[in-house]
Amino acid sequence: MAGNSFGQLFRITTFGESHGEAIGVIIDGCPAQLEVDFDYIQGELDKRKPGQSKITTQRKESDTVKILSGVFEGKTTGTPIAMLIPNEDQRSKDYTHNVTTFRPSHADYTYQTKYGIRDHRGGGRSSARETAARVAAGALAKLLLKTQGIEIVAHVSSVGKINAPNVEINNAQDFINEREKNIVRCADPATAEEMIEYIDDIRKQGDTVGGKVSCYIKNCPVGLGEPVFDKLHAELGKAMLSINAVHGFEFGSGFAGSEMRGSEHNDIFVKNHLGDIITRSNFSGGIQGGISNGMPIEFKVAFKPVATIMQSQATIDSAGNTAEISGKGRHDPCVVPRAVPIVEAMAALVLADHWLRNRNSILPLKGE
C-alpha cells in the first residue's frame, strides 16, 4: 500500500490500524536541537482523543504517546523520530455485522475491490484513528514553527447550517483559550451553544451532521511555497483533503471570490506604520502565486457527516446480494470538534516542510 508518507524535507510516515496493537508515526528531517515539550505534544493529542464529551464518539483511548527514538535529553538529535500510540479500547465485536457487508459511504467496497482483503474492524487503515499519529507529528512541527514565531489556530466555524460570525484573532493563545471553553470548539460562545444543542439532537436521532473548520496561520514570513506544482495553497489543500471525511477546501475568498469583480477582489499593497508591505484586504488568503505574502493565511475545511449512522440502510454484500445494515456500538454524531487539532497539525506539517525548503532555496548573503 503506497501513500502513507507526507512531506519532502519534514517527512512523516504513519502506520497502524484502528483495532491493531498500536498506531504511530516516523518523522524524518526534523532539525537537531529542537527542544521537545512532551506535555505540549500530549496536550494536542488530548484535544483529538475520543470520549471527550456527549457529542463525540465514546471510545475510551488515553492516546498516551511514547517517543521511541530521535530525542535525547529533551532535544531532537536530527535522526528519525518514532512515536507510538497504543490502542486500548478496541471493540471488534461492534463490527461483526460488516464482515461481508459494505457500509454506505465507507471505504469497505473500495478497499475490498482494490486489495482483495480488508480489515473490517473499525475500517482498519481507513479509520480516522490514524489521524492521532498525524496530530503527534504535527505537534512537533508546531514546536519547530514556534521558534520562528509562526502560530496556527483553528476552530469550528459551522455545524450544518449554523455559522459562526468571523472571529478576530489578536492573540493566538487567547483565541485557543476561548475556543476550549466549550465542547464543540467554536470561538464564538453564543454560536457554540446553538451548535452543541443541534449536535446533541442529531445524536439522539441516531444520525450525523457535518461542518467546517476555519484555520488561521499568523506571522508567516513572505516566501514560503513554490510557484508551480508545489504552491503553498495546493499543498495545504492536499493535506486537508487527506483527512478522513473532508469533502472541501477553500482559501482566502474561496468560492465566494468567483462571484466578485477583479476591482473588488484585488488586494491593494500599502505600507503599515512599521514600513512593512501589507495588503488592505486579504482575499488572497495570505498566498499569491503559490507563495506566502506575509499576510495571515486563512482557509476553511469542510467535513461531511460521519458515514456510520444508527439507522437501518439498504446496501450490498460481497456476493452482490441486497442487504440491510445499521451502525452498532459507539456513535460519533459530528466529527468537527475533534477535527480542529487535526487541521492544525496538517497545516503545521506543510508549513514546517516549506520553511525547511525555503532555507535551502535562497543563497546566503555575502559574508554570511
# chains A, B, ... in the order shown; residues from 1 in each chain; ligands from 1
>>> residues_around(residues="A:His265", least_positions_apart="6", cutoff="10 Å", atoms="only C-alpha atoms", output="MDAnalysis selection string")
chainID A and resid 253 257:259 281:284
>>> select_by_dssp(residues="stretch 141-215 of chain A", states="strand (DSSP E)", output="PDB file with all heavy atoms, in the first residue's frame")
ATOM      1  N   GLU A 151       2.358  30.906  14.300  1.00  0.00           N
ATOM      2  CA  GLU A 151       1.304  30.318  15.116  1.00  0.00           C
ATOM      3  C   GLU A 151       0.165  29.830  14.230  1.00  0.00           C
ATOM      4  O   GLU A 151      -0.203  30.505  13.259  1.00  0.00           O
ATOM      5  CB  GLU A 151       0.752  31.355  16.106  1.00  0.00           C
ATOM      6  CG  GLU A 151       1.774  31.890  17.092  1.00  0.00           C
ATOM      7  CD  GLU A 151       1.927  31.008  18.315  1.00  0.00           C
ATOM      8  OE1 GLU A 151       1.256  29.956  18.381  1.00  0.00           O
ATOM      9  OE2 GLU A 151       2.708  31.380  19.207  1.00  0.00           O
ATOM     10  N   ILE A 152      -0.410  28.681  14.563  1.00  0.00           N
ATOM     11  CA  ILE A 152      -1.521  28.108  13.802  1.00  0.00           C
ATOM     12  C   ILE A 152      -2.686  27.857  14.754  1.00  0.00           C
ATOM     13  O   ILE A 152      -2.527  27.173  15.770  1.00  0.00           O
ATOM     14  CB  ILE A 152      -1.109  26.788  13.123  1.00  0.00           C
ATOM     15  CG1 ILE A 152       0.058  27.030  12.164  1.00  0.00           C
ATOM     16  CG2 ILE A 152      -2.294  26.166  12.375  1.00  0.00           C
ATOM     17  CD1 ILE A 152       0.638  25.763  11.575  1.00  0.00           C
ATOM     18  N   VAL A 153      -3.845  28.436  14.432  1.00  0.00           N
ATOM     19  CA  VAL A 153      -5.034  28.233  15.271  1.00  0.00           C
ATOM     20  C   VAL A 153      -6.236  27.936  14.374  1.00  0.00           C
ATOM     21  O   VAL A 153      -6.308  28.401  13.241  1.00  0.00           O
ATOM     22  CB  VAL A 153      -5.336  29.463  16.162  1.00  0.00           C
ATOM     23  CG1 VAL A 153      -4.235  29.674  17.174  1.00  0.00           C
ATOM     24  CG2 VAL A 153      -5.537  30.724  15.318  1.00  0.00           C
ATOM     25  N   ALA A 154      -7.165  27.156  14.899  1.00  0.00           N
ATOM     26  CA  ALA A 154      -8.370  26.804  14.147  1.00  0.00           C
ATOM     27  C   ALA A 154      -9.536  26.688  15.117  1.00  0.00           C
ATOM     28  O   ALA A 154      -9.345  26.559  16.335  1.00  0.00           O
ATOM     29  CB  ALA A 154      -8.165  25.497  13.386  1.00  0.00           C
ATOM     30  N   HIS A 155     -10.753  26.734  14.577  1.00  0.00           N
ATOM     31  CA  HIS A 155     -11.937  26.499  15.392  1.00  0.00           C
ATOM     32  C   HIS A 155     -13.075  26.038  14.494  1.00  0.00           C
ATOM     33  O   HIS A 155     -12.991  26.124  13.262  1.00  0.00           O
ATOM     34  CB  HIS A 155     -12.320  27.751  16.199  1.00  0.00           C
ATOM     35  CG  HIS A 155     -13.109  28.770  15.436  1.00  0.00           C
ATOM     36  ND1 HIS A 155     -14.324  29.267  15.867  1.00  0.00           N
ATOM     37  CD2 HIS A 155     -12.878  29.400  14.259  1.00  0.00           C
ATOM     38  CE1 HIS A 155     -14.783  30.152  15.009  1.00  0.00           C
ATOM     39  NE2 HIS A 155     -13.928  30.256  14.017  1.00  0.00           N
ATOM     40  N   VAL A 156     -14.131  25.520  15.119  1.00  0.00           N
ATOM     41  CA  VAL A 156     -15.307  25.083  14.369  1.00  0.00           C
ATOM     42  C   VAL A 156     -16.121  26.321  14.021  1.00  0.00           C
ATOM     43  O   VAL A 156     -16.653  26.999  14.910  1.00  0.00           O
ATOM     44  CB  VAL A 156     -16.151  24.087  15.192  1.00  0.00           C
ATOM     45  CG1 VAL A 156     -17.455  23.760  14.461  1.00  0.00           C
ATOM     46  CG2 VAL A 156     -15.355  22.809  15.447  1.00  0.00           C
ATOM     47  N   SER A 157     -16.211  26.628  12.731  1.00  0.00           N
ATOM     48  CA  SER A 157     -16.915  27.840  12.300  1.00  0.00           C
ATOM     49  C   SER A 157     -18.332  27.550  11.814  1.00  0.00           C
ATOM     50  O   SER A 157     -19.128  28.478  11.650  1.00  0.00           O
ATOM     51  CB  SER A 157     -16.119  28.552  11.206  1.00  0.00           C
ATOM     52  OG  SER A 157     -15.827  27.677  10.135  1.00  0.00           O
ATOM     53  N   SER A 158     -18.654  26.271  11.580  1.00  0.00           N
ATOM     54  CA  SER A 158     -20.036  25.938  11.233  1.00  0.00           C
ATOM     55  C   SER A 158     -20.332  24.479  11.535  1.00  0.00           C
ATOM     56  O   SER A 158     -19.441  23.628  11.474  1.00  0.00           O
ATOM     57  CB  SER A 158     -20.329  26.238   9.755  1.00  0.00           C
ATOM     58  OG  SER A 158     -19.709  25.299   8.916  1.00  0.00           O
ATOM     59  N   VAL A 159     -21.572  24.211  11.862  1.00  0.00           N
ATOM     60  CA  VAL A 159     -22.105  22.855  12.015  1.00  0.00           C
ATOM     61  C   VAL A 159     -23.438  22.836  11.289  1.00  0.00           C
ATOM     62  O   VAL A 159     -24.342  23.626  11.611  1.00  0.00           O
ATOM     63  CB  VAL A 159     -22.297  22.465  13.490  1.00  0.00           C
ATOM     64  CG1 VAL A 159     -23.081  21.167  13.599  1.00  0.00           C
ATOM     65  CG2 VAL A 159     -20.962  22.340  14.196  1.00  0.00           C
ATOM     66  N   ILE A 162     -25.542  26.089  10.748  1.00  0.00           N
ATOM     67  CA  ILE A 162     -25.256  27.067  11.806  1.00  0.00           C
ATOM     68  C   ILE A 162     -23.853  27.611  11.592  1.00  0.00           C
ATOM     69  O   ILE A 162     -22.867  26.865  11.656  1.00  0.00           O
ATOM     70  CB  ILE A 162     -25.361  26.418  13.199  1.00  0.00           C
ATOM     71  CG1 ILE A 162     -26.748  25.830  13.415  1.00  0.00           C
ATOM     72  CG2 ILE A 162     -25.030  27.435  14.282  1.00  0.00           C
ATOM     73  CD1 ILE A 162     -26.865  24.990  14.671  1.00  0.00           C
ATOM     74  N   ASN A 163     -23.743  28.896  11.328  1.00  0.00           N
ATOM     75  CA  ASN A 163     -22.463  29.520  11.014  1.00  0.00           C
ATOM     76  C   ASN A 163     -22.074  30.545  12.068  1.00  0.00           C
ATOM     77  O   ASN A 163     -22.891  31.394  12.445  1.00  0.00           O
ATOM     78  CB  ASN A 163     -22.520  30.193   9.645  1.00  0.00           C
ATOM     79  CG  ASN A 163     -22.748  29.202   8.523  1.00  0.00           C
ATOM     80  OD1 ASN A 163     -21.888  28.374   8.239  1.00  0.00           O
ATOM     81  ND2 ASN A 163     -23.916  29.272   7.888  1.00  0.00           N
ATOM     82  N   GLY A 211     -19.752  19.783   9.051  1.00  0.00           N
ATOM     83  CA  GLY A 211     -19.441  21.145   9.466  1.00  0.00           C
ATOM     84  C   GLY A 211     -18.147  21.624   8.846  1.00  0.00           C
ATOM     85  O   GLY A 211     -17.548  20.933   8.017  1.00  0.00           O
ATOM     86  N   LYS A 212     -17.707  22.797   9.269  1.00  0.00           N
ATOM     87  CA  LYS A 212     -16.475  23.388   8.734  1.00  0.00           C
ATOM     88  C   LYS A 212     -15.542  23.795   9.861  1.00  0.00           C
ATOM     89  O   LYS A 212     -15.986  24.219  10.936  1.00  0.00           O
ATOM     90  CB  LYS A 212     -16.783  24.619   7.876  1.00  0.00           C
ATOM     91  CG  LYS A 212     -17.617  24.345   6.630  1.00  0.00           C
ATOM     92  CD  LYS A 212     -17.725  25.606   5.790  1.00  0.00           C
ATOM     93  CE  LYS A 212     -18.691  25.411   4.622  1.00  0.00           C
ATOM     94  NZ  LYS A 212     -20.099  25.453   5.047  1.00  0.00           N
ATOM     95  N   VAL A 213     -14.249  23.689   9.583  1.00  0.00           N
ATOM     96  CA  VAL A 213     -13.208  24.181  10.477  1.00  0.00           C
ATOM     97  C   VAL A 213     -12.478  25.304   9.758  1.00  0.00           C
ATOM     98  O   VAL A 213     -12.039  25.132   8.618  1.00  0.00           O
ATOM     99  CB  VAL A 213     -12.214  23.068  10.873  1.00  0.00           C
ATOM    100  CG1 VAL A 213     -11.033  23.648  11.656  1.00  0.00           C
ATOM    101  CG2 VAL A 213     -12.912  21.988  11.691  1.00  0.00           C
ATOM    102  N   SER A 214     -12.382  26.461  10.403  1.00  0.00           N
ATOM    103  CA  SER A 214     -11.624  27.586   9.847  1.00  0.00           C
ATOM    104  C   SER A 214     -10.251  27.633  10.511  1.00  0.00           C
ATOM    105  O   SER A 214     -10.148  27.502  11.738  1.00  0.00           O
ATOM    106  CB  SER A 214     -12.363  28.908  10.093  1.00  0.00           C
ATOM    107  OG  SER A 214     -13.542  28.970   9.327  1.00  0.00           O
ATOM    108  N   CYS A 215      -9.216  27.836   9.703  1.00  0.00           N
ATOM    109  CA  CYS A 215      -7.847  27.817  10.210  1.00  0.00           C
ATOM    110  C   CYS A 215      -7.135  29.115   9.831  1.00  0.00           C
ATOM    111  O   CYS A 215      -7.338  29.648   8.726  1.00  0.00           O
ATOM    112  CB  CYS A 215      -7.093  26.612   9.644  1.00  0.00           C
ATOM    113  SG  CYS A 215      -5.455  26.353  10.376  1.00  0.00           S
TER     114      CYS A 215
END
>>> atom_distance(atom1="atom CA of A:Ala133", atom2="atom CA of A:Phe249")
21.9 Å
>>> residues_around(residues="A:Gln205", least_positions_apart="2", cutoff="10 Å", atoms="only C-alpha atoms", output="ChimeraX atom specification")
/A:199-203,207-208,309-311,333
>>> residues_around(residues="A:Thr14", least_positions_apart="6", cutoff="6 Å", atoms="only C-alpha atoms", output="count of residues only")
3
>>> select_by_dssp(residues="stretch 55-296 of chain A", states="alpha helix (DSSP H)", output="ChimeraX atom specification")
/A:108-115,131-146,172-179,189-204,232-241,262-265
>>> closest_residue(among="A:Gln8, A:Gly254, A:Gly70, A:Ala136", to="A:Ile41", atoms="only C-alpha atoms")
A:Ala136
>>> residues_around(residues="A:Leu145", least_positions_apart="6", cutoff="12 Å", atoms="only C-alpha atoms", output="PyMOL selection string")
chain A and resi 10+30-31+34-35+138-139+151-152+217-221+345+347-356
>>> write_last_selection(atoms="C-alpha atoms", output="JSON list (two decimals), in the first residue's frame")
[["chain", "number", "residue", "atom", "x", "y", "z"],
["A", 10, "PHE", "CA", 9.99, 17.39, 7.00],
["A", 30, "CYS", "CA", 13.31, 17.38, 11.90],
["A", 31, "PRO", "CA", 16.33, 19.61, 12.65],
["A", 34, "LEU", "CA", 14.76, 21.45, 18.84],
["A", 35, "GLU", "CA", 13.51, 21.44, 22.44],
["A", 138, "GLY", "CA", 2.04, 17.97, 13.80],
["A", 139, "ALA", "CA", 2.62, 18.97, 17.42],
["A", 151, "GLU", "CA", 1.30, 30.32, 15.12],
["A", 152, "ILE", "CA", -1.52, 28.11, 13.80],
["A", 217, "ILE", "CA", -1.77, 30.95, 10.29],
["A", 218, "LYS", "CA", -0.26, 34.02, 11.95],
["A", 219, "ASN", "CA", 3.19, 35.57, 11.46],
["A", 220, "CYS", "CA", 4.04, 33.53, 8.39],
["A", 221, "PRO", "CA", 7.01, 35.13, 6.59],
["A", 345, "ALA", "CA", -1.45, 19.52, 12.70],
["A", 347, "ALA", "CA", -1.17, 22.80, 8.38],
["A", 348, "ALA", "CA", 1.89, 22.70, 10.65],
["A", 349, "LEU", "CA", 3.38, 19.80, 8.69],
["A", 350, "VAL", "CA", 3.00, 21.73, 5.42],
["A", 351, "LEU", "CA", 4.46, 24.94, 6.88],
["A", 352, "ALA", "CA", 7.39, 23.15, 8.56],
["A", 353, "ASP", "CA", 8.24, 21.38, 5.30],
["A", 354, "HIS", "CA", 8.15, 24.62, 3.30],
["A", 355, "TRP", "CA", 10.09, 26.53, 5.94],
["A", 356, "LEU", "CA", 12.89, 23.98, 5.63]]
>>> closest_residue(among="A:Leu236, A:Ile278, A:Met346, A:Ala323", to="A:Thr100", atoms="only C-alpha atoms")
A:Ala323
>>> residues_around(residues="A:Ile169", least_positions_apart="3", cutoff="10 Å", atoms="only C-alpha atoms", output="PDB file with all heavy atoms, in the first residue's frame")
ATOM      1  N   VAL A 153      -3.845  28.436  14.432  1.00  0.00           N
ATOM      2  CA  VAL A 153      -5.034  28.233  15.271  1.00  0.00           C
ATOM      3  C   VAL A 153      -6.236  27.936  14.374  1.00  0.00           C
ATOM      4  O   VAL A 153      -6.308  28.401  13.241  1.00  0.00           O
ATOM      5  CB  VAL A 153      -5.336  29.463  16.162  1.00  0.00           C
ATOM      6  CG1 VAL A 153      -4.235  29.674  17.174  1.00  0.00           C
ATOM      7  CG2 VAL A 153      -5.537  30.724  15.318  1.00  0.00           C
ATOM      8  N   ASN A 166     -17.402  35.923  11.828  1.00  0.00           N
ATOM      9  CA  ASN A 166     -15.944  35.998  11.770  1.00  0.00           C
ATOM     10  C   ASN A 166     -15.400  36.413  13.131  1.00  0.00           C
ATOM     11  O   ASN A 166     -15.915  37.336  13.773  1.00  0.00           O
ATOM     12  CB  ASN A 166     -15.495  37.003  10.704  1.00  0.00           C
ATOM     13  CG  ASN A 166     -15.790  36.504   9.308  1.00  0.00           C
ATOM     14  OD1 ASN A 166     -15.802  35.304   9.054  1.00  0.00           O
ATOM     15  ND2 ASN A 166     -16.021  37.416   8.382  1.00  0.00           N
ATOM     16  N   ALA A 172      -2.959  34.452  19.673  1.00  0.00           N
ATOM     17  CA  ALA A 172      -3.255  33.049  19.357  1.00  0.00           C
ATOM     18  C   ALA A 172      -3.679  32.266  20.595  1.00  0.00           C
ATOM     19  O   ALA A 172      -4.653  31.507  20.554  1.00  0.00           O
ATOM     20  CB  ALA A 172      -2.043  32.397  18.699  1.00  0.00           C
ATOM     21  N   GLN A 173      -2.962  32.426  21.708  1.00  0.00           N
ATOM     22  CA  GLN A 173      -3.288  31.653  22.902  1.00  0.00           C
ATOM     23  C   GLN A 173      -4.623  32.059  23.496  1.00  0.00           C
ATOM     24  O   GLN A 173      -5.392  31.216  23.973  1.00  0.00           O
ATOM     25  CB  GLN A 173      -2.180  31.796  23.952  1.00  0.00           C
ATOM     26  CG  GLN A 173      -2.295  30.806  25.111  1.00  0.00           C
ATOM     27  CD  GLN A 173      -2.347  29.357  24.649  1.00  0.00           C
ATOM     28  OE1 GLN A 173      -1.463  28.900  23.933  1.00  0.00           O
ATOM     29  NE2 GLN A 173      -3.374  28.618  25.072  1.00  0.00           N
ATOM     30  N   ASP A 174      -4.949  33.359  23.445  1.00  0.00           N
ATOM     31  CA  ASP A 174      -6.253  33.813  23.941  1.00  0.00           C
ATOM     32  C   ASP A 174      -7.371  33.203  23.104  1.00  0.00           C
ATOM     33  O   ASP A 174      -8.424  32.827  23.633  1.00  0.00           O
ATOM     34  CB  ASP A 174      -6.333  35.339  23.884  1.00  0.00           C
ATOM     35  CG  ASP A 174      -5.456  36.011  24.927  1.00  0.00           C
ATOM     36  OD1 ASP A 174      -5.002  35.314  25.855  1.00  0.00           O
ATOM     37  OD2 ASP A 174      -5.219  37.235  24.808  1.00  0.00           O
ATOM     38  N   PHE A 175      -7.145  33.119  21.794  1.00  0.00           N
ATOM     39  CA  PHE A 175      -8.130  32.522  20.894  1.00  0.00           C
ATOM     40  C   PHE A 175      -8.352  31.053  21.254  1.00  0.00           C
ATOM     41  O   PHE A 175      -9.489  30.576  21.334  1.00  0.00           O
ATOM     42  CB  PHE A 175      -7.643  32.653  19.449  1.00  0.00           C
ATOM     43  CG  PHE A 175      -8.555  32.051  18.422  1.00  0.00           C
ATOM     44  CD1 PHE A 175      -9.623  32.775  17.917  1.00  0.00           C
ATOM     45  CD2 PHE A 175      -8.348  30.759  17.949  1.00  0.00           C
ATOM     46  CE1 PHE A 175     -10.475  32.226  16.957  1.00  0.00           C
ATOM     47  CE2 PHE A 175      -9.190  30.202  16.998  1.00  0.00           C
ATOM     48  CZ  PHE A 175     -10.253  30.943  16.497  1.00  0.00           C
ATOM     49  N   ILE A 176      -7.253  30.323  21.476  1.00  0.00           N
ATOM     50  CA  ILE A 176      -7.354  28.906  21.837  1.00  0.00           C
ATOM     51  C   ILE A 176      -8.071  28.746  23.176  1.00  0.00           C
ATOM     52  O   ILE A 176      -8.926  27.864  23.340  1.00  0.00           O
ATOM     53  CB  ILE A 176      -5.948  28.267  21.891  1.00  0.00           C
ATOM     54  CG1 ILE A 176      -5.342  28.202  20.483  1.00  0.00           C
ATOM     55  CG2 ILE A 176      -6.006  26.865  22.505  1.00  0.00           C
ATOM     56  CD1 ILE A 176      -3.882  27.804  20.457  1.00  0.00           C
ATOM     57  N   ALA A 187     -15.049  29.362  18.685  1.00  0.00           N
ATOM     58  CA  ALA A 187     -14.546  30.510  19.440  1.00  0.00           C
ATOM     59  C   ALA A 187     -15.605  31.569  19.709  1.00  0.00           C
ATOM     60  O   ALA A 187     -15.324  32.542  20.414  1.00  0.00           O
ATOM     61  CB  ALA A 187     -13.360  31.132  18.710  1.00  0.00           C
ATOM     62  N   TYR A 216      -6.298  29.598  10.744  1.00  0.00           N
ATOM     63  CA  TYR A 216      -5.565  30.841  10.549  1.00  0.00           C
ATOM     64  C   TYR A 216      -4.097  30.622  10.914  1.00  0.00           C
ATOM     65  O   TYR A 216      -3.797  30.077  11.974  1.00  0.00           O
ATOM     66  CB  TYR A 216      -6.148  31.956  11.428  1.00  0.00           C
ATOM     67  CG  TYR A 216      -7.658  32.073  11.340  1.00  0.00           C
ATOM     68  CD1 TYR A 216      -8.475  31.337  12.201  1.00  0.00           C
ATOM     69  CD2 TYR A 216      -8.261  32.891  10.399  1.00  0.00           C
ATOM     70  CE1 TYR A 216      -9.862  31.428  12.124  1.00  0.00           C
ATOM     71  CE2 TYR A 216      -9.643  32.988  10.310  1.00  0.00           C
ATOM     72  CZ  TYR A 216     -10.435  32.256  11.176  1.00  0.00           C
ATOM     73  OH  TYR A 216     -11.807  32.339  11.092  1.00  0.00           O
ATOM     74  N   LYS A 218      -0.720  32.676  11.629  1.00  0.00           N
ATOM     75  CA  LYS A 218      -0.258  34.017  11.951  1.00  0.00           C
ATOM     76  C   LYS A 218       1.265  34.097  11.872  1.00  0.00           C
ATOM     77  O   LYS A 218       1.968  33.138  12.168  1.00  0.00           O
ATOM     78  CB  LYS A 218      -0.711  34.395  13.361  1.00  0.00           C
ATOM     79  CG  LYS A 218      -2.208  34.213  13.630  1.00  0.00           C
ATOM     80  CD  LYS A 218      -3.011  35.347  13.053  1.00  0.00           C
ATOM     81  CE  LYS A 218      -2.859  36.596  13.874  1.00  0.00           C
ATOM     82  NZ  LYS A 218      -3.720  37.706  13.366  1.00  0.00           N
TER      83      LYS A 218
END
>>> atom_distance(atom1="atom CA of A:Asn360", atom2="atom CA of A:Lys238")
22.7 Å
>>> atom_distance(atom1="atom CA of A:Pro189", atom2="atom CA of A:Gln42")
25.9 Å
>>> residues_around(residues="A:Gly320", least_positions_apart="4", cutoff="12 Å", atoms="only C-alpha atoms", output="PyMOL selection string")
chain A and resi 100-102+109+315-316
>>> closest_residue(among="A:Ala319, A:Val184, A:Val99, A:Met260", to="A:Arg121", atoms="only C-alpha atoms")
A:Val99
>>> closest_residue(among="A:Leu241, A:Cys186, A:Leu68, A:Ala314", to="A:Pro165", atoms="only C-alpha atoms")
A:Cys186
>>> closest_residue(among="A:Ile243, A:Val36, A:Ala256, A:Ile287", to="A:Lys142", atoms="only C-alpha atoms")
A:Val36
